[in-house]
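Source file: model-v5.txt; contents: compact mmCIF, C-alpha atoms (C1' of nucleotides).
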# COMPACT_ATOMS: atom_id res chain seq x y z
CA MET D 1 124.85 72.96 174.51
CA GLU D 2 125.08 76.68 175.26
CA ILE D 3 127.53 78.73 173.24
CA HIS D 4 129.27 81.70 174.76
CA TYR D 5 130.66 84.18 172.28
CA LYS D 6 131.49 87.85 172.58
CA GLU D 7 129.85 88.33 175.96
CA LYS D 8 126.62 86.77 174.82
CA THR D 9 124.98 83.40 175.21
CA TYR D 10 123.44 81.50 172.31
CA PHE D 11 121.28 78.45 172.65
CA SER D 12 121.81 76.90 169.24
CA GLY D 13 124.02 77.09 166.19
CA LYS D 14 121.14 78.75 164.39
CA ASP D 15 121.03 81.64 166.86
CA LEU D 16 124.78 82.09 166.59
CA ALA D 17 124.58 81.97 162.80
CA LEU D 18 121.88 84.62 162.71
CA SER D 19 123.91 86.94 164.91
CA ALA D 20 126.93 86.47 162.64
CA ILE D 21 125.26 86.86 159.25
CA GLY D 22 122.15 88.78 160.27
CA GLY D 23 123.41 92.24 159.37
CA ARG D 24 121.67 94.20 156.66
CA TRP D 25 124.38 93.73 154.00
CA LYS D 26 126.33 90.74 155.22
CA ILE D 27 124.75 88.11 152.99
CA ALA D 28 125.13 90.46 150.04
CA VAL D 29 128.81 91.01 150.81
CA ILE D 30 129.40 87.29 151.20
CA TRP D 31 127.61 86.71 147.93
CA CYS D 32 129.97 89.17 146.22
CA LEU D 33 133.03 87.48 147.68
CA LEU D 34 131.80 84.04 146.72
CA HIS D 35 131.59 85.07 143.09
CA ASP D 36 134.71 87.19 142.90
CA SER D 37 137.60 87.31 145.30
CA PRO D 38 139.56 89.07 146.57
CA LEU D 39 137.73 92.36 146.28
CA ARG D 40 138.59 95.90 147.26
CA LEU D 41 136.09 98.10 149.05
CA SER D 42 135.46 100.16 145.94
CA GLU D 43 134.75 97.00 143.98
CA ILE D 44 132.25 95.79 146.55
CA GLN D 45 130.59 99.20 146.39
CA LYS D 46 130.20 98.87 142.64
CA LYS D 47 128.51 95.50 143.10
CA LEU D 48 126.25 96.80 145.88
CA PRO D 49 125.39 100.35 144.84
CA GLN D 50 122.33 100.46 147.14
CA ALA D 51 124.49 100.05 150.24
CA ASN D 52 126.24 103.13 151.53
CA GLN D 53 129.93 103.09 152.23
CA ARG D 54 129.67 103.52 155.98
CA MET D 55 127.40 100.53 156.43
CA LEU D 56 129.50 98.43 154.10
CA ILE D 57 132.59 99.15 156.17
CA ARG D 58 130.78 98.32 159.40
CA GLN D 59 129.49 95.04 158.05
CA LEU D 60 132.96 94.20 156.74
CA ARG D 61 134.46 94.96 160.16
CA GLU D 62 131.95 92.74 161.91
CA LEU D 63 132.49 89.91 159.44
CA GLU D 64 136.22 90.28 159.98
CA GLU D 65 135.78 90.20 163.76
CA ASP D 66 133.85 86.95 163.41
CA GLN D 67 136.65 85.66 161.14
CA ILE D 68 134.22 85.08 158.30
CA ILE D 69 136.27 87.28 156.01
CA THR D 70 139.91 88.34 156.03
CA ARG D 71 141.15 91.87 155.47
CA PHE D 72 144.56 92.48 153.96
CA VAL D 73 146.06 95.94 153.90
CA TYR D 74 148.81 96.70 151.39
CA PRO D 75 151.22 99.27 152.83
CA VAL D 76 151.00 101.55 149.82
CA VAL D 77 149.79 105.00 148.91
CA PRO D 78 147.03 105.38 147.91
CA PRO D 79 145.77 102.71 150.33
CA LYS D 80 144.80 99.31 148.99
CA VAL D 81 142.75 96.85 151.05
CA GLU D 82 141.54 93.47 149.90
CA TYR D 83 138.76 91.39 151.38
CA GLN D 84 138.15 87.69 150.93
CA LEU D 85 136.28 84.87 152.59
CA SER D 86 137.95 82.69 155.20
CA ASP D 87 137.50 78.91 155.29
CA ILE D 88 134.47 79.16 157.55
CA GLY D 89 133.20 81.99 155.37
CA LEU D 90 133.45 79.90 152.22
CA ARG D 91 131.23 77.33 153.90
CA LEU D 92 128.39 79.85 153.73
CA GLU D 93 127.99 79.04 150.05
CA PRO D 94 124.99 76.70 150.61
CA VAL D 95 123.27 79.40 152.65
CA VAL D 96 123.72 82.05 149.99
CA THR D 97 122.77 79.67 147.21
CA SER D 98 119.57 78.54 148.91
CA ILE D 99 118.59 82.14 149.60
CA CYS D 100 119.14 83.04 145.94
CA ASN D 101 117.12 80.05 144.79
CA TRP D 102 114.24 80.84 147.10
CA GLY D 103 114.43 84.47 146.13
CA ASP D 104 113.93 83.53 142.48
CA GLU D 105 110.93 81.39 143.39
CA PHE D 106 109.52 84.16 145.52
CA SER D 107 110.13 86.62 142.72
CA ASP D 108 108.05 84.48 140.36
CA PHE D 109 105.37 84.19 143.03
CA VAL D 110 105.28 87.95 143.49
CA LYS D 111 105.01 88.56 139.76
CA LYS D 112 102.10 86.15 139.49
CA GLU D 113 100.39 87.89 142.39
CA ALA D 114 100.84 91.21 140.64
CA THR D 115 98.93 90.02 137.58
CA LYS D 116 95.93 88.90 139.62
CA ILE D 117 92.89 91.14 139.40
CA PRO D 118 92.72 92.94 142.71
CA VAL D 119 89.54 92.44 144.70
CA GLU D 120 88.05 95.89 145.13
CA MET U 1 114.91 91.60 135.35
CA GLU U 2 113.80 94.22 137.83
CA ILE U 3 111.23 93.26 140.42
CA HIS U 4 108.74 95.75 141.73
CA TYR U 5 107.15 94.90 145.03
CA LYS U 6 105.52 97.03 147.70
CA GLU U 7 106.64 100.35 146.26
CA LYS U 8 110.25 99.24 146.02
CA THR U 9 112.51 98.00 143.28
CA TYR U 10 114.71 94.95 143.62
CA PHE U 11 117.41 93.95 141.21
CA SER U 12 117.61 90.25 141.95
CA GLY U 13 115.74 87.46 143.68
CA LYS U 14 118.40 87.54 146.37
CA ASP U 15 117.63 91.18 147.23
CA LEU U 16 113.92 90.44 147.35
CA ALA U 17 114.56 87.39 149.51
CA LEU U 18 116.63 89.38 151.99
CA SER U 19 113.94 92.00 152.32
CA ALA U 20 111.33 89.31 152.95
CA ILE U 21 113.22 87.17 155.47
CA GLY U 22 115.69 89.75 156.77
CA GLY U 23 113.79 90.73 159.90
CA ARG U 24 115.31 90.08 163.29
CA TRP U 25 113.14 87.06 164.16
CA LYS U 26 111.78 85.92 160.82
CA ILE U 27 114.12 83.02 160.22
CA ALA U 28 113.58 81.90 163.81
CA VAL U 29 109.81 82.03 163.39
CA ILE U 30 110.01 80.12 160.12
CA TRP U 31 112.24 77.57 161.82
CA CYS U 32 109.59 77.09 164.51
CA LEU U 33 106.82 76.65 161.96
CA LEU U 34 108.88 74.20 159.91
CA HIS U 35 109.24 71.93 162.92
CA ASP U 36 105.79 72.30 164.37
CA SER U 37 102.70 73.68 162.71
CA PRO U 38 100.28 75.26 163.15
CA LEU U 39 101.36 77.28 166.17
CA ARG U 40 99.68 79.88 168.31
CA LEU U 41 101.46 83.09 169.26
CA SER U 42 101.93 81.88 172.83
CA GLU U 43 103.52 78.68 171.54
CA ILE U 44 105.94 80.60 169.36
CA GLN U 45 106.81 82.74 172.36
CA LYS U 46 107.67 79.64 174.36
CA LYS U 47 109.99 78.49 171.57
CA LEU U 48 111.60 81.93 171.23
CA PRO U 49 111.76 83.26 174.79
CA GLN U 50 114.41 85.85 173.85
CA ALA U 51 112.03 87.61 171.49
CA ASN U 52 109.46 89.92 172.99
CA GLN U 53 105.83 89.65 172.09
CA ARG U 54 105.56 92.90 170.23
CA MET U 55 108.44 92.13 167.88
CA LEU U 56 107.11 88.64 167.31
CA ILE U 57 103.72 90.04 166.31
CA ARG U 58 105.31 92.55 163.96
CA GLN U 59 107.43 89.93 162.28
CA LEU U 60 104.42 87.65 161.95
CA ARG U 61 102.45 90.48 160.36
CA GLU U 62 105.16 91.18 157.84
CA LEU U 63 105.52 87.50 156.99
CA GLU U 64 101.76 87.35 156.55
CA GLU U 65 101.82 90.42 154.30
CA ASP U 66 104.42 88.72 152.13
CA GLN U 67 102.24 85.59 152.13
CA ILE U 68 105.02 83.52 153.63
CA ILE U 69 102.79 82.49 156.52
CA THR U 70 99.04 82.30 156.95
CA ARG U 71 97.14 83.56 159.96
CA PHE U 72 93.88 81.96 160.95
CA VAL U 73 91.67 83.51 163.62
CA TYR U 74 89.16 81.32 165.37
CA PRO U 75 86.08 83.36 166.33
CA VAL U 76 86.12 82.17 169.92
CA VAL U 77 86.58 83.56 173.40
CA PRO U 78 89.28 83.60 174.61
CA PRO U 79 90.84 84.41 171.24
CA LYS U 80 92.73 81.73 169.37
CA VAL U 81 95.01 82.49 166.42
CA GLU U 82 97.02 79.94 164.50
CA TYR U 83 100.01 80.57 162.25
CA GLN U 84 101.45 78.26 159.64
CA LEU U 85 103.68 78.39 156.60
CA SER U 86 102.24 78.90 153.14
CA ASP U 87 103.47 76.95 150.12
CA ILE U 88 106.11 79.52 149.31
CA GLY U 89 106.98 79.65 153.00
CA LEU U 90 107.52 75.91 153.17
CA ARG U 91 110.03 76.26 150.38
CA LEU U 92 112.28 78.16 152.79
CA GLU U 93 113.23 74.86 154.37
CA PRO U 94 116.58 74.61 152.50
CA VAL U 95 117.46 78.13 153.62
CA VAL U 96 116.75 77.41 157.27
CA THR U 97 118.49 74.04 157.13
CA SER U 98 121.64 75.43 155.55
CA ILE U 99 121.76 78.22 158.12
CA CYS U 100 121.42 75.70 160.95
CA ASN U 101 124.15 73.51 159.48
CA TRP U 102 126.52 76.40 159.04
CA GLY U 103 125.67 77.63 162.51
CA ASP U 104 126.76 74.31 163.97
CA GLU U 105 130.03 74.46 162.03
CA PHE U 106 130.58 78.03 163.12
CA SER U 107 129.77 77.05 166.69
CA ASP U 108 132.51 74.39 166.62
CA PHE U 109 134.88 76.92 165.09
CA VAL U 110 134.13 79.44 167.82
CA LYS U 111 134.66 76.85 170.56
CA LYS U 112 138.04 75.89 169.11
CA GLU U 113 139.00 79.54 168.96
CA ALA U 114 138.06 79.93 172.60
CA THR U 115 140.51 77.21 173.66
CA LYS U 116 143.45 78.86 171.91
CA ILE U 117 145.94 80.57 174.17
CA PRO U 118 145.34 84.29 173.71
CA VAL U 119 148.35 86.29 172.50
CA GLU U 120 149.01 88.82 175.21
C1' DC M 1 93.06 85.24 179.70
C1' DG M 2 95.34 85.56 175.04
C1' DG M 3 96.29 88.51 171.25
C1' DG M 4 97.23 92.96 170.23
C1' DA M 5 98.13 98.13 170.52
C1' DT M 6 100.29 102.43 172.54
C1' DC M 7 104.16 105.26 174.64
C1' DC M 8 108.97 105.77 175.09
C1' DA M 9 114.11 104.74 174.65
C1' DC M 10 117.87 102.84 172.06
C1' DC M 11 120.66 101.02 168.57
C1' DA M 12 121.29 99.80 163.76
C1' DT M 13 120.99 101.84 159.41
C1' DG M 14 121.22 105.64 156.02
C1' DA M 15 123.02 110.24 153.61
C1' DT M 16 126.50 113.51 153.25
C1' DA M 17 130.76 115.80 153.97
C1' DC M 18 135.34 115.40 155.30
C1' DT M 19 140.31 113.40 156.30
C1' DG M 20 145.01 110.83 155.62
C1' DC W 1 141.02 104.96 147.82
C1' DA W 2 139.82 103.62 152.24
C1' DG W 3 137.99 105.20 156.20
C1' DT W 4 135.87 108.62 159.74
C1' DA W 5 132.56 112.28 161.64
C1' DT W 6 128.11 114.18 161.98
C1' DC W 7 123.34 114.27 161.80
C1' DA W 8 118.72 112.21 160.44
C1' DT W 9 115.75 108.08 160.31
C1' DG W 10 113.86 103.51 161.01
C1' DG W 11 113.93 99.11 163.20
C1' DT W 12 114.12 96.95 167.70
C1' DG W 13 113.23 96.26 172.68
C1' DG W 14 110.71 97.16 177.41
C1' DA W 15 106.75 98.19 179.86
C1' DT W 16 102.08 98.98 180.09
C1' DC W 17 97.36 99.26 178.70
C1' DC W 18 93.34 97.67 175.74
C1' DC W 19 89.74 94.56 173.88
C1' DG W 20 86.77 90.61 173.25

Using structure tokens, write down the structure that the file contains.
Amino acid sequence: MEIHYKEKTYFSGKDLALSAIGGRWKIAVIWCLLHDSPLRLSEIQKKLPQANQRMLIRQLRELEEDQIITRFVYPVVPPKVEYQLSDIGLRLEPVVTSICNWGDEFSDFVKKEATKIPVE
Amino acid sequence: MEIHYKEKTYFSGKDLALSAIGGRWKIAVIWCLLHDSPLRLSEIQKKLPQANQRMLIRQLRELEEDQIITRFVYPVVPPKVEYQLSDIGLRLEPVVTSICNWGDEFSDFVKKEATKIPVE
DNA sequence: CGGGATCCACCATGATACTG
DNA sequence: CAGTATCATGGTGGATCCCG
């Protein structure tokens, strides 16, 4: 049941999944590409203004290495590169959706907590 | 629509969710507690042997701070501490399940890739 | 003895400037 | 526009020590 991938050993699909989508901006990038695809780097940056360009590129490279997204370079000047989800990447939709749903619930929870009178 | 939490500003439930469950071992810990609860630290360590104790404790503390898990200390010697999911923590079940499911799909995908004849 | 904290090293992440 | 280089910072991991 062990999975060997990129010089490492994983003991469950869950572990492998976390290594593949565990990066700081990966879920956010996948979320962008689920809603709108293909996207250019500059377009992803507009959707994720909190992420810096360097990190975004690294996360995109890693996702490409894991074949979760595809990267297509147009041989033009100025350069034009488009990213989109692969088949296995598209199957992450339930993951992203459930995270968004829980996030909304947690957001409500946090807001309710904030209105409570603090115990001094 | 902005969410203010712990000195930071989030622009969607998704962002807030990622900050809450984005730690290296948080999903794994939640997975453990979904399957078996309550658990002591030593029991979690047995289930997650790859994680070191210090990281596990830090992740547990952060999850406790976000009220995703509860920590109960028995006033006994030797010390006994039990962790379990809160209500909002239990609602992470769809997230964990979807990650596990995708992980299994991705695992199959990776295995098929491994059998392909490499292009030299 | 179990849960936790401290010291140190490393790698991922972040901010900015720069290149083709 | 897409991507790289450089430097600063924070999260992560290993080992060890502390406390009741």

Identify every residue of chain U that has at least one atom within 6 Å of any atom of chain D, counting all atoms listed in the file, and report the result as a ChimeraX atom specification.
/U:13-14,17,95,98-100,103-104,107

Sel. within 12 Å of pt (129.4, 97.4, 157.4), counting all atoms listed in the file, output as a PyMOL selection string
(chain D and resi 21-30+41+44-45+48+51-65) or (chain M and resi 12-14) or (chain W and resi 3)

What separates atom C1' of W:DA2 and atom CA of D:Leu34 is a distance of 21.9 Å

Between atom CA of D:Glu43 and atom C1' of W:DA5, distance in Å (one decimal)
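Spanning atom CA of D:Glu43 to atom C1' of W:DA5 is a straight-line distance of 23.5 Å.
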
Between atom CA of D:Leu33 and atom CA of D:Leu85, what is the distance, to one decimal in Å?
6.4 Å

Interface list for chain M, partner chain U, 10 Å threshold, only C-alpha atoms (C1' of nucleotides), as a list in words:
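The selection requested is DC1, DG2, DG3, DG4 and DA5 of chain M.
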
Residue among U:Gln50, U:Glu7, U:Lys112, U:Arg71 lying closest to chain W, counting only C-alpha atoms (C1' of nucleotides):
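So, comparing all the options, the nearest one is U:Gln50.
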
8 Å contacts from chain W to chain U using only C-alpha atoms (C1' of nucleotides), as a list in words:
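Result, ordered by chain then number: DT12, DG13 and DG20 of chain W.
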
Determine, counting all atoms listed in the file, which protein, DNA and RNA residues have an atom within 12 Å of an atom of M:DC8; residues of the same chain fewer than 5 positions away are not included. Present the result as a list of chain:residue names.
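The contact residues come out as W:DG13, W:DG14, W:DA15, W:DT16.
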
Using only the atoms of stretch 8-14 of chain M listed in the file, plus 6 Å on each side, state the axis-aligned box centre and edge lengths in Å rounded to one decimal, as lines of an AutoDock Vina configuration file.
center_x = 115.1
center_y = 102.8
center_z = 165.6
size_x = 24.3
size_y = 18.0
size_z = 31.1
